[in-house]
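Quick look at my_file-v3.txt (compact mmCIF, C-alpha atoms):
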# COMPACT_ATOMS: atom_id res chain seq x y z
CA MET N 1 24.13 -18.73 4.57
CA SER N 2 23.41 -15.55 2.65
CA GLN N 3 26.00 -12.79 2.77
CA CYS N 4 23.22 -10.21 2.63
CA GLY N 5 22.87 -10.15 6.40
CA THR N 6 26.58 -10.00 7.16
CA GLU N 7 27.73 -7.04 5.12
CA PHE N 8 26.68 -4.21 7.41
CA HIS N 9 29.71 -2.20 6.34
CA ARG N 10 28.06 -1.61 2.96
CA LEU N 11 25.05 0.03 4.58
CA ALA N 12 27.28 2.01 6.93
CA ALA N 13 29.39 3.25 3.99
CA TYR N 14 26.24 4.23 2.08
CA LEU N 15 24.85 6.15 5.04
CA PHE N 16 28.18 7.92 5.51
CA ALA N 17 28.16 8.95 1.84
CA VAL N 18 24.58 10.23 2.07
CA ALA N 19 25.35 12.20 5.25
CA SER N 20 28.56 13.64 3.80
CA THR N 21 26.89 14.66 0.55
CA PHE N 22 24.00 16.27 2.39
CA ALA N 23 26.38 18.13 4.71
CA THR N 24 28.13 19.63 1.68
CA PHE N 25 24.78 20.57 0.15
CA TYR N 26 23.65 22.14 3.44
CA GLU N 27 26.82 24.22 3.70
CA ARG N 28 26.57 25.53 0.15
CA CYS N 29 22.82 26.03 -0.38
CA LEU N 30 20.27 28.11 1.46
CA ILE N 31 17.48 25.81 2.62
CA LEU N 32 14.98 28.21 4.18
CA GLU N 33 15.74 31.35 2.17
CA PRO N 34 16.54 30.30 -1.40
CA PRO N 35 16.12 32.60 -4.41
CA TYR N 36 12.73 31.09 -5.44
CA PRO N 37 9.84 29.63 -3.38
CA GLU N 38 9.71 26.39 -5.38
CA VAL N 39 13.40 25.84 -4.66
CA ARG N 40 12.65 26.12 -0.94
CA ALA N 41 9.93 23.49 -1.18
CA SER N 42 12.12 21.02 -3.05
CA ARG N 43 15.05 21.58 -0.68
CA LEU N 44 12.80 20.97 2.32
CA VAL N 45 11.59 17.72 0.76
CA LEU N 46 15.19 16.68 0.07
CA THR N 47 16.10 17.48 3.67
CA ASP N 48 13.18 15.43 5.00
CA LEU N 49 13.90 12.44 2.79
CA THR N 50 17.60 12.50 3.67
CA GLY N 51 16.71 12.48 7.36
CA ARG N 52 14.31 9.58 6.87
CA THR N 53 16.88 7.62 4.90
CA LEU N 54 19.56 8.13 7.54
CA SER N 55 17.17 7.28 10.37
CA ALA N 56 15.94 4.10 8.69
CA GLY N 57 19.46 2.98 7.80
CA LEU N 58 20.80 3.65 11.27
CA GLY N 59 17.81 1.76 12.68
CA MET N 60 18.74 -1.26 10.54
CA LEU N 61 22.20 -1.11 12.06
CA GLY N 62 20.75 -0.87 15.57
CA ILE N 63 21.92 2.72 16.04
CA GLY N 64 19.56 5.36 17.36
CA ALA N 65 19.23 8.69 15.57
CA PRO N 66 18.28 12.04 17.11
CA ASP N 67 14.83 13.39 16.32
CA ARG N 68 16.30 16.80 15.50
CA MET N 69 19.68 18.23 14.67
Could you render the structure from this file as structure tokens?
Amino acid sequence: MSQCGTEFHRLAAYLFAVASTFATFYERCLILEPPYPEVRASRLVLTDLTGRTLSAGLGMLGIGAPDRM
């Protein structure tokens, strides 16, 4: 039997790290009103991709994620 399917804690730890890192970023950086327009665009992309990553990972664990926060 492969251990790949039994080590859910690794995915949970990864998702926790992603969420924690993003929360720190969100607290320290302006997302919607940054100093330059191109910074806003890249931060919005980062925000979207982080949300998708968390949603997909939680889905793999069988945990629902809210559509919006």
Report summary line: In Å and to one decimal, CA of Leu58 in chain N is distant from CA of Glu27 in chain N by 22.7 Å
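Among the candidates N:Ser42, N:Glu33, N:Arg68, N:Thr50, the residue lying nearest to Val18 in chain N is N:Thr50 (atoms considered: all atoms listed in the file).
Residue nearest His9 in chain N, chosen from N:Leu46, N:Leu30, N:Met60, N:Ala65 and counting all atoms listed in the file: N:Met60.
For the atom pair formed by CA of Leu15 in chain N and CA of Arg28 in chain N, the distance is 20.1 Å, given to one decimal.
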Requested in this report: Could you give me, as a list in words, the residues that have an atom at most 9 Å away from the point (27.4, -0.1, 10.0) in the coordinates of the file, using all atoms listed in the file?
Outcome: Glu7, Phe8, His9, Arg10, Leu11, Ala12, Ala13, Leu15, Gly57, Leu58, Met60, Leu61, Gly62 and Ile63 of chain N
Report summary line: Correct to one decimal, the distance CA of Pro35 in chain N-CA of Ala17 in chain N is 27.3 Å
Around all of range 19-24 of chain N's listed atoms, make the axis-aligned box with 5 Å on each side and tell me centre and edge lengths in Å to one decimal, as AutoDock Vina command-line options.
--center_x 26.3 --center_y 15.9 --center_z 2.9 --size_x 14.6 --size_y 17.4 --size_z 14.7
Query - Residue contacts of Leu49 in chain N (12 Å, all atoms listed in the file) excluding same-chain residues fewer than 6 positions away, as a list in words - result: Val18, Ala19, Phe22, Ser42, Arg43, Ser55 and Ala56 of chain N
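Checking N:Thr6, N:Leu54, N:Pro34, N:Ala41 one by one against Ser20 in chain N, counting all atoms listed in the file, you find the shortest gap at N:Leu54.
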Report task. Excluding Leu32 in chain N and any residue of its chain fewer than 5 positions from it, enumerate the residues within 12 Å of it, using all atoms listed in the file, and give them as a PyMOL selection string. Result -> chain N and resi 26+37-45+47
Since fewer atoms than expected are present, regenerate N, CA, C and O atoms for range 5-30 of chain N and write them as an mmCIF file, in the frame of the given file.
data_model
loop_
_atom_site.group_PDB
_atom_site.id
_atom_site.type_symbol
_atom_site.label_atom_id
_atom_site.label_comp_id
_atom_site.auth_asym_id
_atom_site.auth_seq_id
_atom_site.Cartn_x
_atom_site.Cartn_y
_atom_site.Cartn_z
ATOM 1 N N GLY N 5 23.013 -10.569 5.016
ATOM 2 C CA GLY N 5 22.870 -10.150 6.400
ATOM 3 C C GLY N 5 24.170 -9.911 7.120
ATOM 4 O O GLY N 5 24.166 -9.496 8.271
ATOM 5 N N THR N 6 25.303 -10.152 6.474
ATOM 6 C CA THR N 6 26.580 -10.000 7.160
ATOM 7 C C THR N 6 27.433 -8.859 6.649
ATOM 8 O O THR N 6 28.538 -8.665 7.120
ATOM 9 N N GLU N 7 26.936 -8.117 5.717
ATOM 10 C CA GLU N 7 27.730 -7.040 5.120
ATOM 11 C C GLU N 7 27.195 -5.668 5.551
ATOM 12 O O GLU N 7 26.855 -4.823 4.735
ATOM 13 N N PHE N 8 27.180 -5.461 6.863
ATOM 14 C CA PHE N 8 26.680 -4.210 7.410
ATOM 15 C C PHE N 8 27.548 -3.022 7.020
ATOM 16 O O PHE N 8 27.079 -1.893 6.980
ATOM 17 N N HIS N 9 28.809 -3.280 6.719
ATOM 18 C CA HIS N 9 29.710 -2.200 6.340
ATOM 19 C C HIS N 9 29.247 -1.503 5.062
ATOM 20 O O HIS N 9 29.484 -0.310 4.879
ATOM 21 N N ARG N 10 28.570 -2.226 4.194
ATOM 22 C CA ARG N 10 28.060 -1.610 2.960
ATOM 23 C C ARG N 10 26.983 -0.570 3.277
ATOM 24 O O ARG N 10 26.976 0.516 2.718
ATOM 25 N N LEU N 11 26.088 -0.917 4.179
ATOM 26 C CA LEU N 11 25.050 0.030 4.580
ATOM 27 C C LEU N 11 25.670 1.213 5.321
ATOM 28 O O LEU N 11 25.308 2.361 5.068
ATOM 29 N N ALA N 12 26.618 0.941 6.194
ATOM 30 C CA ALA N 12 27.280 2.010 6.930
ATOM 31 C C ALA N 12 28.009 2.960 5.975
ATOM 32 O O ALA N 12 27.943 4.188 6.132
ATOM 33 N N ALA N 13 28.677 2.425 4.979
ATOM 34 C CA ALA N 13 29.390 3.250 3.990
ATOM 35 C C ALA N 13 28.399 4.089 3.181
ATOM 36 O O ALA N 13 28.642 5.273 2.909
ATOM 37 N N TYR N 14 27.272 3.494 2.821
ATOM 38 C CA TYR N 14 26.240 4.230 2.080
ATOM 39 C C TYR N 14 25.702 5.384 2.915
ATOM 40 O O TYR N 14 25.577 6.514 2.428
ATOM 41 N N LEU N 15 25.388 5.110 4.162
ATOM 42 C CA LEU N 15 24.850 6.150 5.040
ATOM 43 C C LEU N 15 25.874 7.270 5.254
ATOM 44 O O LEU N 15 25.508 8.453 5.300
ATOM 45 N N PHE N 16 27.127 6.904 5.375
ATOM 46 C CA PHE N 16 28.180 7.920 5.510
ATOM 47 C C PHE N 16 28.232 8.797 4.265
ATOM 48 O O PHE N 16 28.352 10.024 4.359
ATOM 49 N N ALA N 17 28.131 8.184 3.093
ATOM 50 C CA ALA N 17 28.160 8.950 1.840
ATOM 51 C C ALA N 17 26.955 9.881 1.734
ATOM 52 O O ALA N 17 27.094 11.038 1.318
ATOM 53 N N VAL N 18 25.782 9.389 2.110
ATOM 54 C CA VAL N 18 24.580 10.230 2.070
ATOM 55 C C VAL N 18 24.739 11.411 3.024
ATOM 56 O O VAL N 18 24.473 12.565 2.662
ATOM 57 N N ALA N 19 25.189 11.135 4.250
ATOM 58 C CA ALA N 19 25.350 12.200 5.250
ATOM 59 C C ALA N 19 26.407 13.216 4.799
ATOM 60 O O ALA N 19 26.209 14.427 4.951
ATOM 61 N N SER N 20 27.494 12.743 4.254
ATOM 62 C CA SER N 20 28.560 13.640 3.800
ATOM 63 C C SER N 20 28.093 14.520 2.636
ATOM 64 O O SER N 20 28.360 15.724 2.606
ATOM 65 N N THR N 21 27.398 13.907 1.700
ATOM 66 C CA THR N 21 26.890 14.660 0.550
ATOM 67 C C THR N 21 25.875 15.697 0.991
ATOM 68 O O THR N 21 25.892 16.847 0.529
ATOM 69 N N PHE N 22 24.991 15.314 1.907
ATOM 70 C CA PHE N 22 24.000 16.270 2.390
ATOM 71 C C PHE N 22 24.667 17.402 3.165
ATOM 72 O O PHE N 22 24.252 18.560 3.051
ATOM 73 N N ALA N 23 25.672 17.093 3.947
ATOM 74 C CA ALA N 23 26.380 18.130 4.710
ATOM 75 C C ALA N 23 26.992 19.162 3.769
ATOM 76 O O ALA N 23 26.921 20.376 4.022
ATOM 77 N N THR N 24 27.565 18.712 2.675
ATOM 78 C CA THR N 24 28.130 19.630 1.680
ATOM 79 C C THR N 24 27.027 20.484 1.061
ATOM 80 O O THR N 24 27.171 21.700 0.922
ATOM 81 N N PHE N 25 25.928 19.846 0.702
ATOM 82 C CA PHE N 25 24.780 20.570 0.150
ATOM 83 C C PHE N 25 24.284 21.620 1.141
ATOM 84 O O PHE N 25 24.039 22.769 0.773
ATOM 85 N N TYR N 26 24.163 21.238 2.405
ATOM 86 C CA TYR N 26 23.650 22.140 3.440
ATOM 87 C C TYR N 26 24.564 23.348 3.647
ATOM 88 O O TYR N 26 24.096 24.455 3.870
ATOM 89 N N GLU N 27 25.864 23.121 3.541
ATOM 90 C CA GLU N 27 26.820 24.220 3.700
ATOM 91 C C GLU N 27 26.776 25.203 2.528
ATOM 92 O O GLU N 27 27.002 26.396 2.707
ATOM 93 N N ARG N 28 26.486 24.702 1.352
ATOM 94 C CA ARG N 28 26.570 25.530 0.150
ATOM 95 C C ARG N 28 25.243 26.143 -0.310
ATOM 96 O O ARG N 28 25.248 27.106 -1.085
ATOM 97 N N CYS N 29 24.123 25.577 0.122
ATOM 98 C CA CYS N 29 22.820 26.030 -0.380
ATOM 99 C C CYS N 29 21.937 26.532 0.753
ATOM 100 O O CYS N 29 21.883 25.927 1.819
ATOM 101 N N LEU N 30 21.236 27.600 0.493
ATOM 102 C CA LEU N 30 20.270 28.110 1.460
ATOM 103 C C LEU N 30 19.027 27.214 1.417
ATOM 104 O O LEU N 30 18.446 27.006 0.358
#
